[in-house]
file input-v1.cif (mmCIF, C-alpha atoms)
data_data
#
loop_
_atom_site.label_atom_id
_atom_site.label_comp_id
_atom_site.auth_asym_id
_atom_site.auth_seq_id
_atom_site.Cartn_x
_atom_site.Cartn_y
_atom_site.Cartn_z
CA MET A 253 65.80 -55.26 79.53
CA THR A 254 66.59 -55.76 83.22
CA PHE A 255 63.32 -57.03 84.70
CA GLU A 256 63.40 -60.78 85.26
CA HIS A 257 59.66 -61.10 84.68
CA TYR A 258 57.20 -59.14 82.57
CA ARG A 259 53.44 -59.36 82.94
CA PRO A 260 50.57 -59.87 80.50
CA LEU A 261 48.37 -56.89 79.70
CA GLY A 262 45.03 -58.62 80.01
CA ARG A 263 44.52 -61.00 77.09
CA THR A 264 46.31 -58.86 74.49
CA GLY A 265 49.47 -60.96 74.40
CA VAL A 266 51.52 -57.83 75.15
CA GLN A 267 54.06 -58.24 77.95
CA VAL A 268 54.57 -55.16 80.13
CA SER A 269 57.09 -54.27 82.80
CA PRO A 270 55.86 -54.27 86.43
CA LEU A 271 56.34 -50.50 86.45
CA THR A 272 55.00 -48.03 83.90
CA LEU A 273 56.64 -44.64 83.56
CA GLY A 274 53.94 -42.03 84.00
CA ALA A 275 54.77 -38.71 82.34
CA MET A 276 52.40 -36.34 84.16
CA MET A 277 55.29 -34.62 85.95
CA PHE A 278 57.19 -33.79 82.77
CA GLY A 279 56.65 -30.17 81.80
CA ALA A 280 54.94 -27.26 83.52
CA TRP A 281 52.99 -29.47 85.92
CA GLY A 282 56.17 -30.81 87.49
CA ASN A 283 59.65 -30.59 85.98
CA PRO A 284 59.87 -27.80 83.37
CA ASP A 285 63.42 -28.80 82.36
CA HIS A 286 63.03 -30.87 79.18
CA ASP A 287 66.57 -32.24 79.29
CA GLU A 288 66.12 -33.51 82.85
CA SER A 289 62.78 -35.09 81.96
CA ILE A 290 64.30 -36.79 78.92
CA ALA A 291 67.12 -38.13 81.10
CA ILE A 292 64.52 -39.65 83.45
CA ILE A 293 62.79 -41.32 80.50
CA HIS A 294 66.06 -42.75 79.21
CA ARG A 295 67.02 -44.05 82.66
CA ALA A 296 63.63 -45.75 82.94
CA LEU A 297 64.11 -47.43 79.56
CA ASP A 298 67.61 -48.56 80.57
CA ALA A 299 66.12 -50.06 83.74
CA GLY A 300 63.79 -52.22 81.66
CA ILE A 301 60.58 -50.22 81.87
CA ASN A 302 58.84 -50.73 78.53
CA VAL A 303 55.60 -48.77 79.05
CA ILE A 304 55.31 -44.97 78.98
CA ASP A 305 51.96 -43.39 79.81
CA THR A 306 51.10 -39.76 79.20
CA ALA A 307 48.04 -37.68 78.25
CA ASP A 308 47.21 -34.76 76.01
CA VAL A 309 46.06 -32.66 78.97
CA TYR A 310 49.31 -33.01 80.94
CA ALA A 311 50.67 -29.46 80.72
CA ARG A 312 48.45 -29.01 77.64
CA GLY A 313 50.54 -31.23 75.37
CA GLU A 314 53.99 -30.44 76.77
CA SER A 315 54.35 -33.86 78.40
CA GLU A 316 53.63 -35.60 75.09
CA GLU A 317 56.19 -33.36 73.37
CA ILE A 318 58.86 -34.31 75.93
CA VAL A 319 58.14 -38.00 75.51
CA GLY A 320 58.38 -37.57 71.75
CA LYS A 321 61.75 -35.85 72.06
CA ALA A 322 63.04 -38.63 74.33
CA LEU A 323 62.05 -41.35 71.87
CA GLN A 324 63.56 -39.46 68.95
CA ALA A 325 66.83 -39.06 70.85
CA ARG A 326 67.10 -42.83 71.25
CA ARG A 327 67.07 -44.36 67.80
CA GLY A 328 65.22 -47.65 67.75
CA SER A 329 63.65 -47.11 71.17
CA ARG A 330 60.16 -46.54 69.73
CA ASP A 331 59.83 -50.19 68.75
CA ASP A 332 60.75 -51.27 72.28
CA VAL A 333 58.23 -49.00 74.01
CA PHE A 334 54.54 -49.68 74.56
CA LEU A 335 53.40 -46.08 74.21
CA ALA A 336 50.16 -45.00 75.88
CA THR A 337 48.39 -41.66 75.97
CA LYS A 338 44.94 -40.37 76.81
CA PHE A 339 42.31 -37.92 75.63
CA HIS A 340 39.33 -36.23 77.30
CA GLY A 341 40.76 -33.26 79.21
CA ASN A 342 40.05 -29.67 78.21
CA MET A 343 42.67 -28.48 75.71
CA HIS A 344 41.22 -24.99 75.18
CA ASP A 345 39.82 -22.49 77.67
CA GLU A 346 37.09 -21.19 75.38
CA ASP A 347 36.17 -23.99 72.96
CA PRO A 348 34.07 -26.67 74.72
CA ASN A 349 34.52 -29.04 71.77
CA GLN A 350 38.27 -29.35 72.38
CA ALA A 351 37.64 -31.90 75.11
CA GLY A 352 35.58 -34.98 75.86
CA SER A 353 34.99 -38.25 74.05
CA SER A 354 32.97 -37.33 70.97
CA ARG A 355 33.89 -38.79 67.59
CA ARG A 356 34.64 -35.26 66.35
CA TRP A 357 37.21 -34.60 69.08
CA ILE A 358 38.80 -38.06 69.13
CA ILE A 359 39.51 -38.02 65.39
CA ARG A 360 40.99 -34.54 65.67
CA GLU A 361 42.96 -34.97 68.87
CA VAL A 362 44.69 -38.23 67.93
CA GLU A 363 46.40 -36.33 65.12
CA HIS A 364 47.64 -33.74 67.61
CA SER A 365 48.99 -36.46 69.93
CA LEU A 366 50.72 -38.26 67.06
CA ARG A 367 52.39 -34.99 66.05
CA ARG A 368 53.49 -34.12 69.59
CA LEU A 369 54.80 -37.64 70.21
CA GLN A 370 56.48 -37.73 66.78
CA VAL A 371 55.18 -41.23 66.04
CA ASP A 372 53.00 -42.83 63.38
CA HIS A 373 50.91 -44.82 65.84
CA ILE A 374 49.95 -45.00 69.52
CA ASP A 375 49.95 -48.41 71.19
CA LEU A 376 47.25 -47.67 73.77
CA TYR A 377 44.80 -44.77 73.38
CA GLN A 378 42.71 -44.27 76.51
CA VAL A 379 39.56 -42.39 77.51
CA HIS A 380 40.88 -40.34 80.43
CA ARG A 381 37.56 -40.07 82.29
CA PRO A 382 33.96 -41.18 81.70
CA ARG A 383 31.50 -38.89 79.94
CA PRO A 384 28.05 -40.32 80.79
CA GLU A 385 26.34 -37.79 78.51
CA VAL A 386 28.18 -39.26 75.49
CA ASP A 387 26.98 -42.57 74.06
CA ILE A 388 29.81 -45.03 74.66
CA ASP A 389 29.20 -46.39 71.16
CA GLU A 390 30.11 -42.94 69.80
CA THR A 391 33.48 -43.23 71.51
CA LEU A 392 34.13 -46.89 70.73
CA GLY A 393 33.12 -46.37 67.10
CA ALA A 394 35.68 -43.60 66.62
CA LEU A 395 38.40 -45.58 68.38
CA THR A 396 37.62 -48.67 66.32
CA ASP A 397 38.09 -46.62 63.16
CA LEU A 398 41.49 -45.47 64.44
CA VAL A 399 42.54 -49.08 65.06
CA ARG A 400 41.54 -50.01 61.50
CA GLN A 401 43.45 -47.01 60.15
CA GLY A 402 46.58 -48.13 62.00
CA LYS A 403 46.80 -44.97 64.09
CA ILE A 404 46.28 -46.82 67.39
CA ARG A 405 46.77 -50.46 68.31
CA TYR A 406 44.53 -50.82 71.37
CA LEU A 407 42.03 -48.75 73.33
CA GLY A 408 41.59 -48.45 77.07
CA THR A 409 39.79 -46.53 79.81
CA SER A 410 40.78 -44.66 82.94
CA THR A 411 38.90 -44.21 86.21
CA PHE A 412 35.70 -45.78 84.88
CA LEU A 413 33.09 -47.10 87.28
CA PRO A 414 32.56 -50.88 87.26
CA SER A 415 29.21 -50.49 85.48
CA GLN A 416 30.88 -48.34 82.81
CA VAL A 417 33.64 -50.89 82.28
CA VAL A 418 31.05 -53.64 81.77
CA GLU A 419 28.91 -51.43 79.51
CA ALA A 420 31.91 -50.74 77.26
CA GLN A 421 32.62 -54.47 76.97
CA TRP A 422 28.97 -55.26 76.22
CA VAL A 423 28.56 -52.50 73.63
CA ALA A 424 31.79 -53.52 71.92
CA GLU A 425 30.54 -57.08 71.56
CA LYS A 426 27.01 -56.10 70.51
CA ARG A 427 28.06 -53.42 68.00
CA GLN A 428 31.21 -55.24 66.83
CA ARG A 429 33.56 -52.53 68.06
CA GLU A 430 37.09 -52.89 69.35
CA ARG A 431 36.86 -53.48 73.11
CA PRO A 432 38.86 -51.66 75.78
CA VAL A 433 41.75 -53.92 76.78
CA SER A 434 42.85 -51.99 79.85
CA GLU A 435 41.63 -49.84 82.72
CA GLN A 436 43.56 -47.30 84.77
CA PRO A 437 42.04 -47.03 88.25
CA PRO A 438 43.40 -45.12 91.25
CA TYR A 439 44.85 -47.76 93.55
CA SER A 440 47.10 -47.54 96.59
CA ILE A 441 47.12 -48.68 100.20
CA LEU A 442 45.20 -45.48 101.02
CA ALA A 443 42.69 -45.85 98.16
CA ARG A 444 41.49 -49.46 98.05
CA GLU A 445 37.88 -49.08 96.93
CA VAL A 446 38.68 -50.63 93.53
CA GLU A 447 39.27 -53.95 95.29
CA ARG A 448 35.50 -54.22 95.76
CA ASP A 449 34.51 -54.34 92.10
CA ILE A 450 36.83 -52.83 89.48
CA LEU A 451 39.68 -55.29 89.99
CA PRO A 452 37.45 -58.41 90.07
CA THR A 453 35.59 -57.09 87.01
CA ALA A 454 38.86 -56.61 85.15
CA GLN A 455 39.87 -60.18 85.98
CA LYS A 456 36.51 -61.51 84.80
CA TYR A 457 36.73 -59.76 81.42
CA GLY A 458 40.46 -60.23 80.85
CA ILE A 459 41.20 -56.51 81.11
CA GLY A 460 44.70 -55.33 81.94
CA VAL A 461 44.99 -53.02 84.96
CA LEU A 462 47.42 -50.10 85.09
CA PRO A 463 46.85 -48.43 88.49
CA TRP A 464 47.65 -44.75 88.80
CA SER A 465 48.89 -43.04 91.97
CA PRO A 466 50.21 -46.17 93.73
CA LEU A 467 52.09 -43.82 96.08
CA ALA A 468 48.87 -41.89 96.73
CA GLY A 469 50.20 -38.72 95.15
CA GLY A 470 53.31 -38.72 97.34
CA TRP A 471 51.66 -39.60 100.65
CA LEU A 472 53.48 -42.95 100.59
CA SER A 473 56.85 -41.56 99.49
CA GLY A 474 58.35 -41.55 102.99
CA ARG A 475 58.15 -37.78 103.46
CA TYR A 476 55.84 -38.05 106.50
CA ARG A 477 57.05 -39.39 109.85
CA ARG A 478 55.41 -39.23 113.25
CA GLY A 479 56.67 -36.29 115.28
CA GLU A 480 57.75 -34.26 112.26
CA ASP A 481 55.98 -31.26 110.70
CA PRO A 482 53.75 -32.64 107.91
CA ALA A 483 53.52 -29.33 106.05
CA VAL A 484 54.63 -29.81 102.45
CA THR A 485 54.57 -27.45 99.49
CA SER A 486 54.22 -29.09 96.10
CA SER A 487 52.68 -28.51 92.70
CA ARG A 488 50.10 -31.20 93.49
CA LEU A 489 49.05 -29.41 96.67
CA LYS A 490 48.35 -26.29 94.63
CA ARG A 491 46.38 -28.17 91.96
CA GLN A 492 44.53 -30.61 94.23
CA PRO A 493 44.29 -29.29 97.81
CA ALA A 494 41.46 -31.73 98.67
CA ARG A 495 43.86 -34.64 98.11
CA HIS A 496 47.09 -33.14 99.42
CA ASP A 497 46.44 -30.60 102.21
CA PRO A 498 47.60 -32.33 105.44
CA ALA A 499 45.41 -29.97 107.49
CA SER A 500 42.08 -31.17 106.07
CA PRO A 501 40.09 -33.59 108.28
CA GLU A 502 40.08 -36.36 105.66
CA ASN A 503 43.82 -36.08 105.15
CA LYS A 504 44.49 -36.11 108.88
CA VAL A 505 43.02 -39.63 108.87
CA LYS A 506 45.25 -40.45 105.94
CA LEU A 507 48.26 -39.06 107.79
CA GLU A 508 47.71 -41.35 110.78
CA ALA A 509 47.58 -44.33 108.42
CA VAL A 510 50.79 -43.17 106.74
CA TYR A 511 52.55 -42.97 110.11
CA ALA A 512 51.52 -46.56 110.88
CA LEU A 513 52.58 -47.75 107.42
CA GLN A 514 55.97 -46.06 107.76
CA GLU A 515 56.51 -47.88 111.05
CA LEU A 516 55.50 -51.16 109.40
CA ALA A 517 57.92 -50.52 106.53
CA ASP A 518 60.72 -49.84 109.02
CA GLU A 519 59.97 -53.11 110.81
CA ALA A 520 59.99 -55.00 107.50
CA GLY A 521 63.30 -53.45 106.44
CA LEU A 522 61.75 -51.71 103.44
CA SER A 523 61.32 -48.17 102.25
CA LEU A 524 57.70 -47.01 102.41
CA ILE A 525 57.89 -46.57 98.63
CA HIS A 526 58.71 -50.24 98.12
CA LEU A 527 56.08 -51.30 100.64
CA ALA A 528 53.44 -49.28 98.78
CA LEU A 529 54.43 -50.40 95.30
CA GLY A 530 54.88 -53.99 96.43
CA PHE A 531 51.35 -53.95 97.83
CA VAL A 532 49.81 -52.78 94.54
CA LEU A 533 51.85 -55.24 92.47
CA ALA A 534 50.81 -58.10 94.76
CA HIS A 535 47.22 -57.95 93.54
CA PRO A 536 46.69 -60.59 90.83
CA ALA A 537 44.61 -58.22 88.68
CA VAL A 538 47.42 -55.66 88.31
CA SER A 539 49.47 -55.65 85.12
CA SER A 540 51.77 -52.69 85.79
CA ALA A 541 51.81 -49.86 88.32
CA ILE A 542 52.18 -46.32 86.99
CA ILE A 543 54.87 -44.29 88.74
CA GLY A 544 55.21 -40.55 88.15
CA PRO A 545 58.70 -39.34 89.10
CA ARG A 546 59.54 -35.66 88.78
CA THR A 547 63.27 -36.14 89.39
CA LEU A 548 65.86 -38.81 88.66
CA GLU A 549 66.22 -39.37 92.41
CA GLN A 550 62.51 -40.16 92.69
CA LEU A 551 62.77 -42.66 89.85
CA GLU A 552 65.76 -44.41 91.42
CA SER A 553 63.89 -44.76 94.72
CA GLN A 554 61.13 -46.71 92.97
CA LEU A 555 63.24 -49.05 90.88
CA GLY A 556 63.98 -52.52 92.23
CA VAL A 557 60.47 -53.04 93.59
CA GLU A 558 60.00 -56.11 91.38
CA LYS A 559 62.31 -57.94 93.79
CA VAL A 560 60.10 -57.09 96.78
CA VAL A 561 57.75 -59.84 97.93
CA LEU A 562 55.54 -58.86 100.85
CA SER A 563 54.91 -61.65 103.33
CA PRO A 564 51.36 -62.64 104.32
CA ASP A 565 52.05 -61.17 107.78
CA VAL A 566 52.96 -57.78 106.28
CA LEU A 567 49.93 -57.83 103.99
CA ASP A 568 47.74 -58.68 106.99
CA ARG A 569 49.17 -55.73 108.91
CA ILE A 570 48.39 -53.44 105.97
CA ASP A 571 44.80 -54.74 106.02
CA GLU A 572 44.57 -53.81 109.70
CA ILE A 573 45.78 -50.25 109.02
CA VAL A 574 43.57 -49.69 105.97
CA PRO A 575 40.86 -52.35 105.58
CA PRO A 576 40.33 -53.91 102.12
CA GLY A 577 38.00 -51.96 99.88
CA THR A 578 38.47 -48.74 101.87
CA THR A 579 39.37 -45.32 100.47
CA LEU A 580 40.22 -42.90 103.25
CA ASN A 581 39.55 -39.68 101.31
CA GLU A 582 36.71 -39.30 98.80
CA ALA A 583 38.92 -37.00 96.70
CA ASP A 584 41.27 -39.91 95.98
CA ARG A 585 38.63 -41.73 93.94
CA GLY A 586 39.54 -39.61 90.94
CA TYR A 587 36.00 -39.37 89.59
CA ALA A 588 32.61 -38.43 90.99
CA PRO A 589 29.52 -39.44 88.98
CA PRO A 590 27.43 -36.44 87.89
CA ALA A 591 24.51 -37.68 89.99
CA LEU A 592 26.62 -37.09 93.12
CA VAL A 593 27.81 -33.67 92.02
CA GLU A 594 24.67 -32.14 90.52
CA ALA A 595 21.72 -32.08 92.92
CA ALA A 596 19.22 -31.63 90.06
CA LEU A 597 20.06 -35.13 88.83
CA ARG A 598 18.84 -36.60 92.13
CA ARG A 599 15.52 -34.76 92.28
CA ARG A 600 12.29 -34.86 90.31
#
call {"tool": "encode", "arguments": {"input": "input-v1.cif", "output": "structure tokens"}}
result
Amino acid sequence: MTFEHYRPLGRTGVQVSPLTLGAMMFGAWGNPDHDESIAIIHRALDAGINVIDTADVYARGESEEIVGKALQARRGSRDDVFLATKFHGNMHDEDPNQAGSSRRWIIREVEHSLRRLQVDHIDLYQVHRPRPEVDIDETLGALTDLVRQGKIRYLGTSTFLPSQVVEAQWVAEKRQRERPVSEQPPYSILAREVERDILPTAQKYGIGVLPWSPLAGGWLSGRYRRGEDPAVTSSRLKRQPARHDPASPENKVKLEAVYALQELADEAGLSLIHLALGFVLAHPAVSSAIIGPRTLEQLESQLGVEKVVLSPDVLDRIDEIVPPGTTLNEADRGYAPPALVEAALRRR
């Protein structure tokens, strides 16, 4: 352990490192070399990171398999790791029941994740996205059974709306289910909408917060500087052009903010990566920020952020560049309620 301070995950009593190692980039979605990915995981553990977060849908199970191999290669490391994974994403192109948050799928898919991870239990099992058409009690009931069976320790949510977070807490209390102890929202300097409601709600209910994409999917990695060609080719650009294409109108606004933030980081004597991570970790609701390195070099550039303390003046300057509660690109919200996507739901 090398971090001087660990942080509470809500009211669970679990202490987590300021950084969580996100495993989305391990496998076909990012780094297909398993040995390199395992080396990144081991370096993160050596640096004191004690939380690993993955998901079944990341490269259709390959990410979980890599994490499992890494833990097996380090004897005794499993007990030192708070292991988190998620379910919800489509795991089969033709079978609609191999996805979602039904009892049927949860009970089946947890067994697949346990096998891929090569473990007998998962510390934090999370609903990857909301499914409004599924009764939340259906989901919480299945997850509660898994807690009682010893297959998972805690349950959490990801990218839920504030009303959905509160509903899950209320239903858990009313129906005597296990309650979600954590929420994973998208949160970065460029995507601050969660400051309006999700983060205060998490504080009110004692929910741990594990923000994803604190570097805004690479926008805050230092790759963009004023006067240089912003064109970048990446796997994320191919998968999510709305979020990552610098030529789109919404992302042009983002790019101007990034230029200003880079200049601020230079003035403060920090890398833009440390400025961005330091900003997210400065919020009192945040338990641990999820980083998603694809290479060892990317991981190294993000370590050491726990020593960064942003001054009030720097935080004020960030607020001037991107006002509190503002998300510059709708695509960075990570979830659109069905009523905004399907016109029929808005019309009689």
call {"tool": "residues_near_point", "arguments": {"input": "input-v1.cif", "point": "(45.6, -29.4, 78.0)", "cutoff": "7 Å", "atoms": "only C-alpha atoms", "output": "PDB file with C-alpha atoms, in the coordinates of the input"}}
result
ATOM      1  CA  ASP A 308      47.210 -34.760  76.010  1.00  0.00           C
ATOM      2  CA  VAL A 309      46.060 -32.660  78.970  1.00  0.00           C
ATOM      3  CA  TYR A 310      49.310 -33.010  80.940  1.00  0.00           C
ATOM      4  CA  ALA A 311      50.670 -29.460  80.720  1.00  0.00           C
ATOM      5  CA  ARG A 312      48.450 -29.010  77.640  1.00  0.00           C
ATOM      6  CA  GLY A 313      50.540 -31.230  75.370  1.00  0.00           C
ATOM      7  CA  GLY A 341      40.760 -33.260  79.210  1.00  0.00           C
ATOM      8  CA  ASN A 342      40.050 -29.670  78.210  1.00  0.00           C
ATOM      9  CA  MET A 343      42.670 -28.480  75.710  1.00  0.00           C
ATOM     10  CA  HIS A 344      41.220 -24.990  75.180  1.00  0.00           C
TER      11      HIS A 344
END
call {"tool": "resolve_selection", "arguments": {"input": "input-v1.cif", "expression": "the PyMOL selection byres ((chain A and resi 427) around 12)", "output": "VMD selection string"}}
result
chain A and resid 388 to 390 392 to 393 396 419 to 426 428 to 431
call {"tool": "residues_near_point", "arguments": {"input": "input-v1.cif", "point": "(60.2, -47.7, 103.2)", "cutoff": "12 Å", "atoms": "all atoms listed in the file", "output": "ChimeraX atom specification"}}
result
/A:467,472-477,510-530,553-554,557,560
call {"tool": "atom_distance", "arguments": {"input": "input-v1.cif", "atom1": "atom CA of A:Val538", "atom2": "atom CA of A:Pro437"}}
result
10.2 Å
call {"tool": "resolve_selection", "arguments": {"input": "input-v1.cif", "expression": "the PyMOL selection byres ((chain A and resi 300) around 6)", "output": "CSV table (one decimal) with C-alpha atoms, in the frame of the given file"}}
result
chain,number,residue,atom,x,y,z
A,253,MET,CA,65.8,-55.3,79.5
A,254,THR,CA,66.6,-55.8,83.2
A,255,PHE,CA,63.3,-57.0,84.7
A,297,LEU,CA,64.1,-47.4,79.6
A,298,ASP,CA,67.6,-48.6,80.6
A,299,ALA,CA,66.1,-50.1,83.7
A,301,ILE,CA,60.6,-50.2,81.9
call {"tool": "residues_around", "arguments": {"input": "input-v1.cif", "residues": "A:Val319", "least_positions_apart": "3", "cutoff": "10 Å", "atoms": "all atoms listed in the file", "output": "list of chain:residue names"}}
result
A:Ala275, A:Phe278, A:His286, A:Ser289, A:Ile290, A:Ile293, A:His294, A:Ile304, A:Asp305, A:Thr306, A:Glu314, A:Ser315, A:Glu316, A:Ala322, A:Leu323, A:Gln324, A:Ala325, A:Leu335, A:Arg368, A:Leu369, A:Gln370
call {"tool": "write_last_selection", "arguments": {"input": "input-v1.cif", "atoms": "C-alpha atoms", "output": "CSV table (one decimal), in the coordinates of the input"}}
result
chain,number,residue,atom,x,y,z
A,275,ALA,CA,54.8,-38.7,82.3
A,278,PHE,CA,57.2,-33.8,82.8
A,286,HIS,CA,63.0,-30.9,79.2
A,289,SER,CA,62.8,-35.1,82.0
A,290,ILE,CA,64.3,-36.8,78.9
A,293,ILE,CA,62.8,-41.3,80.5
A,294,HIS,CA,66.1,-42.8,79.2
A,304,ILE,CA,55.3,-45.0,79.0
A,305,ASP,CA,52.0,-43.4,79.8
A,306,THR,CA,51.1,-39.8,79.2
A,314,GLU,CA,54.0,-30.4,76.8
A,315,SER,CA,54.4,-33.9,78.4
A,316,GLU,CA,53.6,-35.6,75.1
A,322,ALA,CA,63.0,-38.6,74.3
A,323,LEU,CA,62.0,-41.4,71.9
A,324,GLN,CA,63.6,-39.5,69.0
A,325,ALA,CA,66.8,-39.1,70.8
A,335,LEU,CA,53.4,-46.1,74.2
A,368,ARG,CA,53.5,-34.1,69.6
A,369,LEU,CA,54.8,-37.6,70.2
A,370,GLN,CA,56.5,-37.7,66.8
call {"tool": "atom_distance", "arguments": {"input": "input-v1.cif", "atom1": "atom CA of A:Ala509", "atom2": "atom CA of A:Arg569"}}
result
11.5 Å
call {"tool": "resolve_selection", "arguments": {"input": "input-v1.cif", "expression": "the PyMOL selection byres ((chain A and resi 574) around 10)", "output": "PyMOL selection string"}}
result
chain A and resi 441-444+506+509-510+512-513+568-573+575-580
call {"tool": "atom_distance", "arguments": {"input": "input-v1.cif", "atom1": "atom CA of A:Leu462", "atom2": "atom CA of A:Arg381"}}
result
14.3 Å
call {"tool": "build_atoms", "arguments": {"input": "input-v1.cif", "residues": "stretch 298-319 of chain A", "atoms": "N, CA and C atoms", "output": "short mmCIF file (atom, residue, chain, number, x, y, z; two decimals), in the coordinates of the input"}}
result
data_model
loop_
_atom_site.label_atom_id
_atom_site.label_comp_id
_atom_site.auth_asym_id
_atom_site.auth_seq_id
_atom_site.Cartn_x
_atom_site.Cartn_y
_atom_site.Cartn_z
N ASP A 298 66.41 -47.76 80.26
CA ASP A 298 67.61 -48.56 80.57
C ASP A 298 67.34 -49.55 81.69
N ALA A 299 66.45 -49.18 82.61
CA ALA A 299 66.12 -50.06 83.74
C ALA A 299 65.18 -51.18 83.35
N GLY A 300 64.67 -51.15 82.12
CA GLY A 300 63.79 -52.22 81.66
C GLY A 300 62.32 -51.86 81.60
N ILE A 301 61.97 -50.65 82.00
CA ILE A 301 60.58 -50.22 81.87
C ILE A 301 60.24 -50.10 80.38
N ASN A 302 59.17 -50.76 79.96
CA ASN A 302 58.84 -50.73 78.53
C ASN A 302 57.47 -50.10 78.23
N VAL A 303 56.87 -49.45 79.24
CA VAL A 303 55.60 -48.77 79.05
C VAL A 303 55.75 -47.32 79.50
N ILE A 304 55.36 -46.39 78.63
CA ILE A 304 55.31 -44.97 78.98
C ILE A 304 53.87 -44.51 78.81
N ASP A 305 53.35 -43.85 79.83
CA ASP A 305 51.96 -43.39 79.81
C ASP A 305 51.92 -41.88 80.00
N THR A 306 51.25 -41.20 79.09
CA THR A 306 51.10 -39.76 79.20
C THR A 306 49.66 -39.40 78.87
N ALA A 307 49.39 -38.13 78.61
CA ALA A 307 48.04 -37.68 78.25
C ALA A 307 48.14 -36.33 77.58
N ASP A 308 47.19 -36.04 76.70
CA ASP A 308 47.21 -34.76 76.01
C ASP A 308 47.12 -33.60 76.98
N VAL A 309 46.34 -33.77 78.05
CA VAL A 309 46.06 -32.66 78.97
C VAL A 309 47.21 -32.36 79.92
N TYR A 310 48.18 -33.27 80.04
CA TYR A 310 49.31 -33.01 80.94
C TYR A 310 50.12 -31.82 80.40
N ALA A 311 50.02 -30.71 81.12
CA ALA A 311 50.67 -29.46 80.72
C ALA A 311 50.28 -29.07 79.29
N ARG A 312 49.01 -29.39 78.95
CA ARG A 312 48.45 -29.01 77.64
C ARG A 312 49.38 -29.43 76.49
N GLY A 313 49.77 -30.69 76.48
CA GLY A 313 50.54 -31.23 75.37
C GLY A 313 52.04 -31.25 75.58
N GLU A 314 52.53 -30.52 76.57
CA GLU A 314 53.99 -30.44 76.77
C GLU A 314 54.57 -31.80 77.17
N SER A 315 53.86 -32.54 78.00
CA SER A 315 54.35 -33.86 78.40
C SER A 315 54.52 -34.77 77.18
N GLU A 316 53.52 -34.78 76.30
CA GLU A 316 53.63 -35.60 75.09
C GLU A 316 54.83 -35.16 74.25
N GLU A 317 55.06 -33.86 74.15
CA GLU A 317 56.19 -33.36 73.37
C GLU A 317 57.52 -33.85 73.95
N ILE A 318 57.63 -33.85 75.27
CA ILE A 318 58.86 -34.31 75.93
C ILE A 318 59.08 -35.79 75.67
N VAL A 319 58.02 -36.57 75.78
CA VAL A 319 58.14 -38.00 75.51
C VAL A 319 58.58 -38.22 74.06
#
